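Containing compact mmCIF, C-alpha atoms: coords-v2.txt.
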```txt
# COMPACT_ATOMS: atom_id res chain seq x y z
CA ALA A 1 -89.38 409.55 81.04
CA LEU A 2 -92.32 407.89 79.33
CA ASN A 3 -95.13 410.09 80.63
CA MET A 4 -97.37 412.12 78.34
CA THR A 5 -95.35 415.32 78.75
CA ALA A 6 -92.18 413.57 77.61
CA ILE A 7 -93.96 411.89 74.69
CA GLU A 8 -95.26 415.27 73.53
CA LYS A 9 -91.70 416.59 73.62
CA TYR A 10 -90.54 413.69 71.46
CA VAL A 11 -93.30 414.34 68.92
CA GLU A 12 -92.29 418.00 68.84
CA ALA A 13 -88.67 416.95 68.28
CA MET A 14 -89.75 414.86 65.27
CA GLU A 15 -91.57 417.79 63.72
CA ASN A 16 -88.65 420.17 64.34
CA LYS A 17 -86.06 417.68 63.04
CA GLU A 18 -84.19 417.73 66.33
CA VAL A 19 -81.68 415.19 67.62
CA VAL A 20 -82.59 413.25 70.76
CA LEU A 21 -80.06 410.95 72.43
CA PHE A 22 -81.18 408.11 74.66
CA VAL A 23 -78.54 406.45 76.83
CA GLY A 24 -79.56 402.87 77.58
CA SER A 25 -77.98 400.00 79.44
CA VAL A 26 -76.76 396.49 78.66
CA PHE A 27 -76.92 395.29 82.28
CA ASP A 28 -79.96 396.87 83.94
CA LEU A 29 -82.97 394.70 83.02
CA GLY A 30 -85.41 397.49 83.81
CA ILE A 31 -83.69 399.97 81.51
CA LYS A 32 -83.40 397.34 78.77
CA ARG A 33 -87.15 396.78 78.99
CA VAL A 34 -87.84 400.52 78.88
CA GLN A 35 -85.59 401.13 75.87
CA ARG A 36 -87.48 398.46 73.92
CA MET A 37 -90.79 400.08 74.88
CA LEU A 38 -89.50 403.55 74.02
CA TYR A 39 -88.46 402.58 70.50
CA VAL A 40 -91.81 400.92 69.82
CA ARG A 41 -93.72 403.94 71.15
CA LEU A 42 -91.70 406.40 69.06
CA ALA A 43 -92.16 404.21 65.98
CA GLN A 44 -95.91 404.16 66.60
CA LEU A 45 -95.96 407.95 66.87
CA ALA A 46 -94.05 408.25 63.60
CA MET A 47 -96.46 405.87 61.89
CA SER A 48 -99.51 407.73 63.22
CA ARG A 49 -98.65 410.63 60.92
CA GLY A 50 -100.10 408.58 58.05
CA ASN A 51 -98.82 408.16 54.51
CA PHE A 52 -101.29 410.32 52.59
CA ALA A 53 -98.76 413.16 52.37
CA THR A 54 -94.99 413.09 52.47
CA PRO A 55 -94.13 413.19 56.19
CA LYS A 56 -90.97 414.73 57.53
CA PRO A 57 -88.21 412.11 57.59
CA VAL A 58 -87.36 410.53 60.92
CA CYS A 59 -84.16 408.55 61.43
CA PHE A 60 -83.62 406.11 64.29
CA ILE A 61 -79.98 405.21 64.99
CA ILE A 62 -79.79 402.13 67.19
CA ASP A 63 -76.45 400.90 68.50
CA GLU A 64 -76.06 397.33 69.78
CA LEU A 65 -79.29 396.16 68.14
CA PRO A 66 -79.64 392.83 70.05
CA PHE A 67 -80.51 394.76 73.23
CA PHE A 68 -83.57 396.27 71.48
CA LEU A 69 -84.98 393.16 69.87
CA SER A 70 -88.60 392.28 70.51
CA ARG A 71 -91.45 390.87 68.44
CA LEU A 72 -92.90 394.36 67.92
CA PHE A 73 -89.51 395.67 66.76
CA VAL A 74 -89.27 393.04 64.02
CA ASP A 75 -92.88 393.57 62.96
CA LEU A 76 -92.37 397.33 62.68
CA LEU A 77 -89.38 396.85 60.37
CA THR A 78 -91.69 395.51 57.68
CA THR A 79 -94.27 398.33 57.88
CA ILE A 80 -92.46 401.49 58.91
CA ARG A 81 -90.43 402.22 55.77
CA ASP A 82 -93.23 403.94 53.85
CA LYS A 83 -94.00 406.28 56.78
CA GLY A 84 -90.90 408.43 56.27
CA VAL A 85 -88.92 406.50 58.88
CA HIS A 86 -85.39 405.23 58.34
CA ILE A 87 -83.56 402.95 60.76
CA LEU A 88 -79.80 402.61 61.06
CA PHE A 89 -78.73 399.82 63.38
CA ALA A 90 -75.38 398.35 64.33
CA TYR A 91 -74.44 394.92 65.65
CA GLN A 92 -71.27 392.93 66.19
CA SER A 93 -72.03 389.82 64.13
CA ILE A 94 -74.99 388.14 62.49
CA GLU A 95 -74.90 385.51 65.24
CA SER A 96 -75.68 388.24 67.79
CA LEU A 97 -79.04 388.78 66.04
CA LYS A 98 -80.11 385.37 67.32
CA LYS A 99 -79.88 386.57 70.94
CA VAL A 100 -83.58 387.23 71.37
CA PRO A 101 -86.07 386.79 74.21
CA SER A 102 -87.17 383.22 74.90
CA TYR A 103 -90.54 383.67 73.18
CA MET A 104 -88.86 384.39 69.81
CA ASP A 105 -87.07 382.16 67.30
CA GLY A 106 -83.48 383.37 66.85
CA LYS A 107 -82.97 382.13 63.28
CA VAL A 108 -86.29 383.51 62.05
CA THR A 109 -85.63 386.85 63.72
CA MET A 110 -82.17 387.11 62.17
CA SER A 111 -83.56 386.31 58.72
CA GLU A 112 -86.38 388.89 59.03
CA ILE A 113 -84.01 391.64 60.13
CA LEU A 114 -81.45 391.01 57.39
CA ASP A 115 -84.15 390.70 54.71
CA ASN A 116 -85.70 394.05 55.65
CA ALA A 117 -82.37 395.90 55.73
CA TYR A 118 -81.83 397.43 52.29
CA LEU A 119 -78.24 398.66 52.72
CA HIS A 120 -75.53 396.74 54.54
CA PHE A 121 -72.16 398.16 55.57
CA SER A 122 -69.58 395.84 57.09
CA TYR A 123 -66.24 396.71 58.66
CA ARG A 124 -63.42 394.20 59.18
CA THR A 125 -64.61 391.25 61.24
CA ASP A 126 -62.94 388.33 62.95
CA ASN A 127 -66.11 386.26 62.77
CA ILE A 128 -65.85 383.80 59.88
CA GLU A 129 -69.60 383.31 59.50
CA THR A 130 -70.20 387.06 59.31
CA ALA A 131 -67.37 387.46 56.80
CA GLU A 132 -68.79 384.66 54.62
CA PHE A 133 -72.30 386.15 54.79
CA TYR A 134 -71.22 389.60 53.62
CA SER A 135 -68.81 388.16 51.08
CA LYS A 136 -71.72 386.27 49.47
CA ARG A 137 -73.80 389.47 49.45
CA THR A 138 -71.25 391.10 47.12
CA GLY A 139 -72.23 388.69 44.33
CA ASN A 140 -70.15 386.42 42.09
CA ILE A 141 -67.73 387.13 39.27
CA LEU A 142 -66.10 384.89 36.67
CA VAL A 143 -62.38 384.21 37.03
CA ASP A 144 -59.87 382.19 35.01
CA ASP A 145 -58.91 378.95 36.72
CA GLU A 146 -55.63 377.52 35.45
CA ILE A 147 -55.01 373.78 35.46
CA ARG A 148 -51.43 372.44 35.26
CA HIS A 149 -50.51 368.91 34.36
CA VAL A 150 -47.80 366.85 36.01
CA GLU A 151 -45.79 364.31 33.97
CA LYS A 152 -43.60 361.48 35.13
CA THR A 153 -40.26 360.74 33.55
CA LEU A 154 -38.80 357.27 32.99
CA ALA A 155 -37.13 357.60 36.38
CA LEU A 156 -40.60 358.25 37.90
CA ALA A 157 -39.67 361.83 38.71
CA GLU A 158 -42.52 364.30 38.45
CA SER A 159 -42.24 367.48 36.45
CA LEU A 160 -44.68 370.15 35.35
CA SER A 161 -45.92 369.79 31.82
CA PRO A 162 -45.73 372.87 29.58
CA ASN A 163 -49.34 372.15 28.61
CA ARG A 164 -51.91 374.10 30.62
CA GLU A 165 -55.67 374.44 30.60
CA VAL A 166 -57.71 377.51 31.50
CA ARG A 167 -61.34 377.29 32.49
CA GLN A 168 -63.79 379.76 33.96
CA ALA A 169 -64.92 379.50 37.57
CA GLU A 170 -66.91 381.68 39.97
CA ARG A 171 -65.88 383.39 43.18
CA CYS A 172 -67.30 386.11 45.39
CA PHE A 173 -66.68 389.64 44.11
CA ILE A 174 -65.11 390.52 47.47
CA ASP A 175 -63.89 387.28 48.99
CA VAL A 176 -63.70 386.20 52.62
CA ASN A 177 -59.97 386.98 52.93
CA GLU A 178 -60.63 390.59 51.95
CA MET A 179 -63.49 390.84 54.48
CA LEU A 180 -61.19 389.55 57.21
CA SER A 181 -58.37 391.98 56.36
CA LEU A 182 -60.05 395.31 55.61
CA SER A 183 -58.00 398.29 56.71
CA THR A 184 -59.07 400.65 59.48
CA GLY A 185 -61.95 402.89 58.41
CA CYS A 186 -62.71 400.77 55.34
CA GLY A 187 -65.92 398.82 54.91
CA VAL A 188 -67.92 397.04 52.23
CA LEU A 189 -71.23 398.57 51.13
CA THR A 190 -73.84 396.29 49.56
CA GLY A 191 -77.41 396.87 48.47
CA GLY A 192 -76.90 400.11 46.53
CA GLY A 193 -75.88 398.63 43.20
CA LEU A 194 -72.52 396.97 42.71
CA ALA A 195 -70.77 396.20 45.99
CA LYS A 196 -67.96 398.62 46.74
CA LYS A 197 -65.31 399.35 49.33
CA THR A 198 -65.96 402.61 51.12
CA PHE A 199 -63.83 404.59 53.55
CA ILE A 200 -65.38 406.30 56.57
CA ALA A 201 -63.67 409.27 58.20
CA PRO A 202 -65.82 410.39 61.16
CA ILE A 203 -65.04 413.53 63.12
CA LYS A 204 -63.72 412.17 66.39
CA ALA A 205 -64.70 413.96 69.59
CA GLU A 206 -62.89 413.76 72.89
CA LYS A 207 -64.80 412.12 75.71
CA ASP A 208 -65.26 414.21 78.83
CA LEU A 209 -67.79 414.50 81.62
CA GLU A 210 -69.75 417.21 79.81
CA ALA A 211 -70.05 415.10 76.66
CA ILE A 212 -71.50 412.08 78.47
CA ASN A 213 -73.68 414.02 80.89
CA ILE A 214 -77.26 412.82 80.51
CA LYS A 215 -79.73 415.64 80.04
CA GLY A 216 -83.31 414.39 80.19
CA ILE A 217 -86.62 416.13 79.87
CA LYS A 218 -87.63 417.80 83.10
CA ALA A 219 -91.08 416.31 83.13
CA ASP A 220 -91.84 417.30 86.73
CA LYS A 221 -91.39 421.00 86.05
CA ALA A 222 -93.38 420.72 82.85
CA ASP A 223 -96.23 419.00 84.73
CA LYS A 224 -96.25 421.73 87.36
CA ALA A 225 -96.33 424.38 84.65
CA ASP A 226 -99.27 422.66 82.96
CA LYS A 227 -101.17 422.40 86.24
CA ALA A 228 -100.49 426.07 86.96
CA ASP A 229 -101.80 427.06 83.51
CA LYS A 230 -104.96 425.00 84.02
CA ALA A 231 -105.48 426.54 87.48
CA ASP A 232 -105.12 430.05 86.01
CA LYS A 233 -107.65 429.26 83.29
CA ALA A 234 -110.10 427.84 85.83
CA THR A 235 -109.75 430.95 88.00
CA ALA A 236 -110.28 433.20 84.97
CA MET A 237 -113.49 431.37 84.10
```

structure tokens encoding of this file:
Amino acid sequence: ALNMTAIEKYVEAMENKEVVLFVGSVFDLGIKRVQRMLYVRLAQLAMSRGNFATPKPVCFIIDELPFFLSRLFVDLLTTIRDKGVHILFAYQSIESLKKVPSYMDGKVTMSEILDNAYLHFSYRTDNIETAEFYSKRTGNILVDDEIRHVEKTLALAESLSPNREVRQAERCFIDVNEMLSLSTGCGVLTGGGLAKKTFIAPIKAEKDLEAINIKGIKADKADKADKADKADKATAM
């Protein structure tokens, strides 16, 4: 529901530090359009609190980010951080960030999103480009690179020379092979100082009908209650 009664409830939820879950869709074009509008509206409400005082923190958790992308979404990323708003978003690969509406440039959008994300956490991936991207984000370290010499005997047989050379070379702190073979529950955290491997152990909940039952705001009843209150006040006057 995007009517005024529902919006007021969302504002109240922000002030009371409540959790609100929105269940969207990846197939229904109408719902996809609404979920983009809803995020932008909630972000605008959070920003309207101003930055003269320290506002109560608001955290948006967005799963499957490509289904929320719009020009307004990307623009808000650059201005919303100082309004007490934090955004956690998840996506499958950096290539998926290029899947934007036709009026947007995929490469520019991907660059803007990644540049405005301070912390990055990556699980094991099978996508080589994504693994290379996050491997490069971990920085470079110096390693010893050993050079061996091969000598030929009078019979033209090759043998390793006992003489060796060692020189310094650079490689990624966490290389691509490690990114492609992280164990279950292990990820690489970058952006908060030195890159590090971190283990996540979420509390798993069993899925049942009660857990996935959608409970929305009963806007119709709330509208009727408001109209009844106004009618009572008019009668009293």

- Item | Spatial neighbours of region 114-131 of chain A, max dist 12 Å, only C-alpha atoms, sep filter under 5 positions, as a PyMOL selection string | chain A and resi 73-81+86-98+107-109+136-138+172+174-200

List the neighbours of Val166 (chain A) out to 12 Å using all atoms listed in the file; skip same-chain residues closer than 2 positions along the sequence, and give me the result as a short mmCIF file (atom, residue, chain, number, x, y, z; two decimals) with C-alpha atoms, keeping the file's coordinate frame.
```cif
data_model
loop_
_atom_site.label_atom_id
_atom_site.label_comp_id
_atom_site.auth_asym_id
_atom_site.auth_seq_id
_atom_site.Cartn_x
_atom_site.Cartn_y
_atom_site.Cartn_z
CA VAL A 143 -62.38 384.21 37.03
CA ASP A 144 -59.87 382.19 35.01
CA ASP A 145 -58.91 378.95 36.72
CA GLU A 146 -55.63 377.52 35.45
CA ILE A 147 -55.01 373.78 35.46
CA ARG A 148 -51.43 372.44 35.26
CA HIS A 149 -50.51 368.91 34.36
CA ASN A 163 -49.34 372.15 28.61
CA ARG A 164 -51.91 374.10 30.62
CA GLN A 168 -63.79 379.76 33.96
CA ALA A 169 -64.92 379.50 37.57
#
```

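Put simply, CA of Ile141 (chain A) is 5.6 Å away from CA of Glu170 (chain A).
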
- Nearest residue to Leu72 (chain A) from the set A:Ala43, A:Val19, A:Leu142, A:Val58 (distances using all atoms listed in the file):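 Smallest distance to Leu72 (chain A) is found for A:Ala43.
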
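By only C-alpha atoms, and with residues fewer than 5 positions from Ala13 (chain A) along its chain excluded, the set lying at most 12 Å from it is A:Ala6, A:Ile7, A:Glu8, A:Glu18, A:Val19, A:Val20, A:Leu21, A:Leu42, A:Leu45, A:Ala46, A:Lys56, A:Pro57, A:Val58, A:Cys59, A:Ile217.
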
- Task: Find the residue from A:Val11, A:Val150, A:Phe68, A:Val100 that sits nearest to Pro162 (chain A); use only C-alpha atoms when measuring.
- Result: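 Answer, going by the shortest atom-to-atom distance: A:Val150.
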
- Shortest interatomic distance to Gln44 (chain A) - which of A:Val85, A:Ala201, A:Leu209, A:Leu156, counting all atoms listed in the file: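 So, comparing all the options, the nearest one is A:Val85.
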
- Using only C-alpha atoms, which of the listed residues (A:Met14, A:Lys152, A:Tyr103, A:Val26) sits closest to Phe60 (chain A)? A:Met14

- Minimum-distance residue to Leu29 (chain A), chosen among A:Phe67, A:Arg167, A:Ser102, A:Glu132 (using all atoms listed in the file):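 Checking each of A:Phe67, A:Arg167, A:Ser102, A:Glu132 against Leu29 (chain A), counting all atoms listed in the file, the winner is A:Phe67.
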
- Query: Which protein, DNA or RNA residues are at most 10 Å from (-78.1, 405.0, 76.8) in the file's coordinates when you count all atoms listed in the file, listed as number ranges by chain?
  - Reply: A: 21-26, 31-32, 35, 63, 212, 214

For the residues in the current selection, export C-alpha atoms as a PDB file, keeping the file's coordinate frame.
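Ended up saving to again39.pdb:
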```
ATOM      1  CA  LEU A  21     -80.060 410.950  72.430  1.00  0.00           C
ATOM      2  CA  PHE A  22     -81.180 408.110  74.660  1.00  0.00           C
ATOM      3  CA  VAL A  23     -78.540 406.450  76.830  1.00  0.00           C
ATOM      4  CA  GLY A  24     -79.560 402.870  77.580  1.00  0.00           C
ATOM      5  CA  SER A  25     -77.980 400.000  79.440  1.00  0.00           C
ATOM      6  CA  VAL A  26     -76.760 396.490  78.660  1.00  0.00           C
ATOM      7  CA  ILE A  31     -83.690 399.970  81.510  1.00  0.00           C
ATOM      8  CA  LYS A  32     -83.400 397.340  78.770  1.00  0.00           C
ATOM      9  CA  GLN A  35     -85.590 401.130  75.870  1.00  0.00           C
ATOM     10  CA  ASP A  63     -76.450 400.900  68.500  1.00  0.00           C
ATOM     11  CA  ILE A 212     -71.500 412.080  78.470  1.00  0.00           C
ATOM     12  CA  ILE A 214     -77.260 412.820  80.510  1.00  0.00           C
TER      13      ILE A 214
END
```
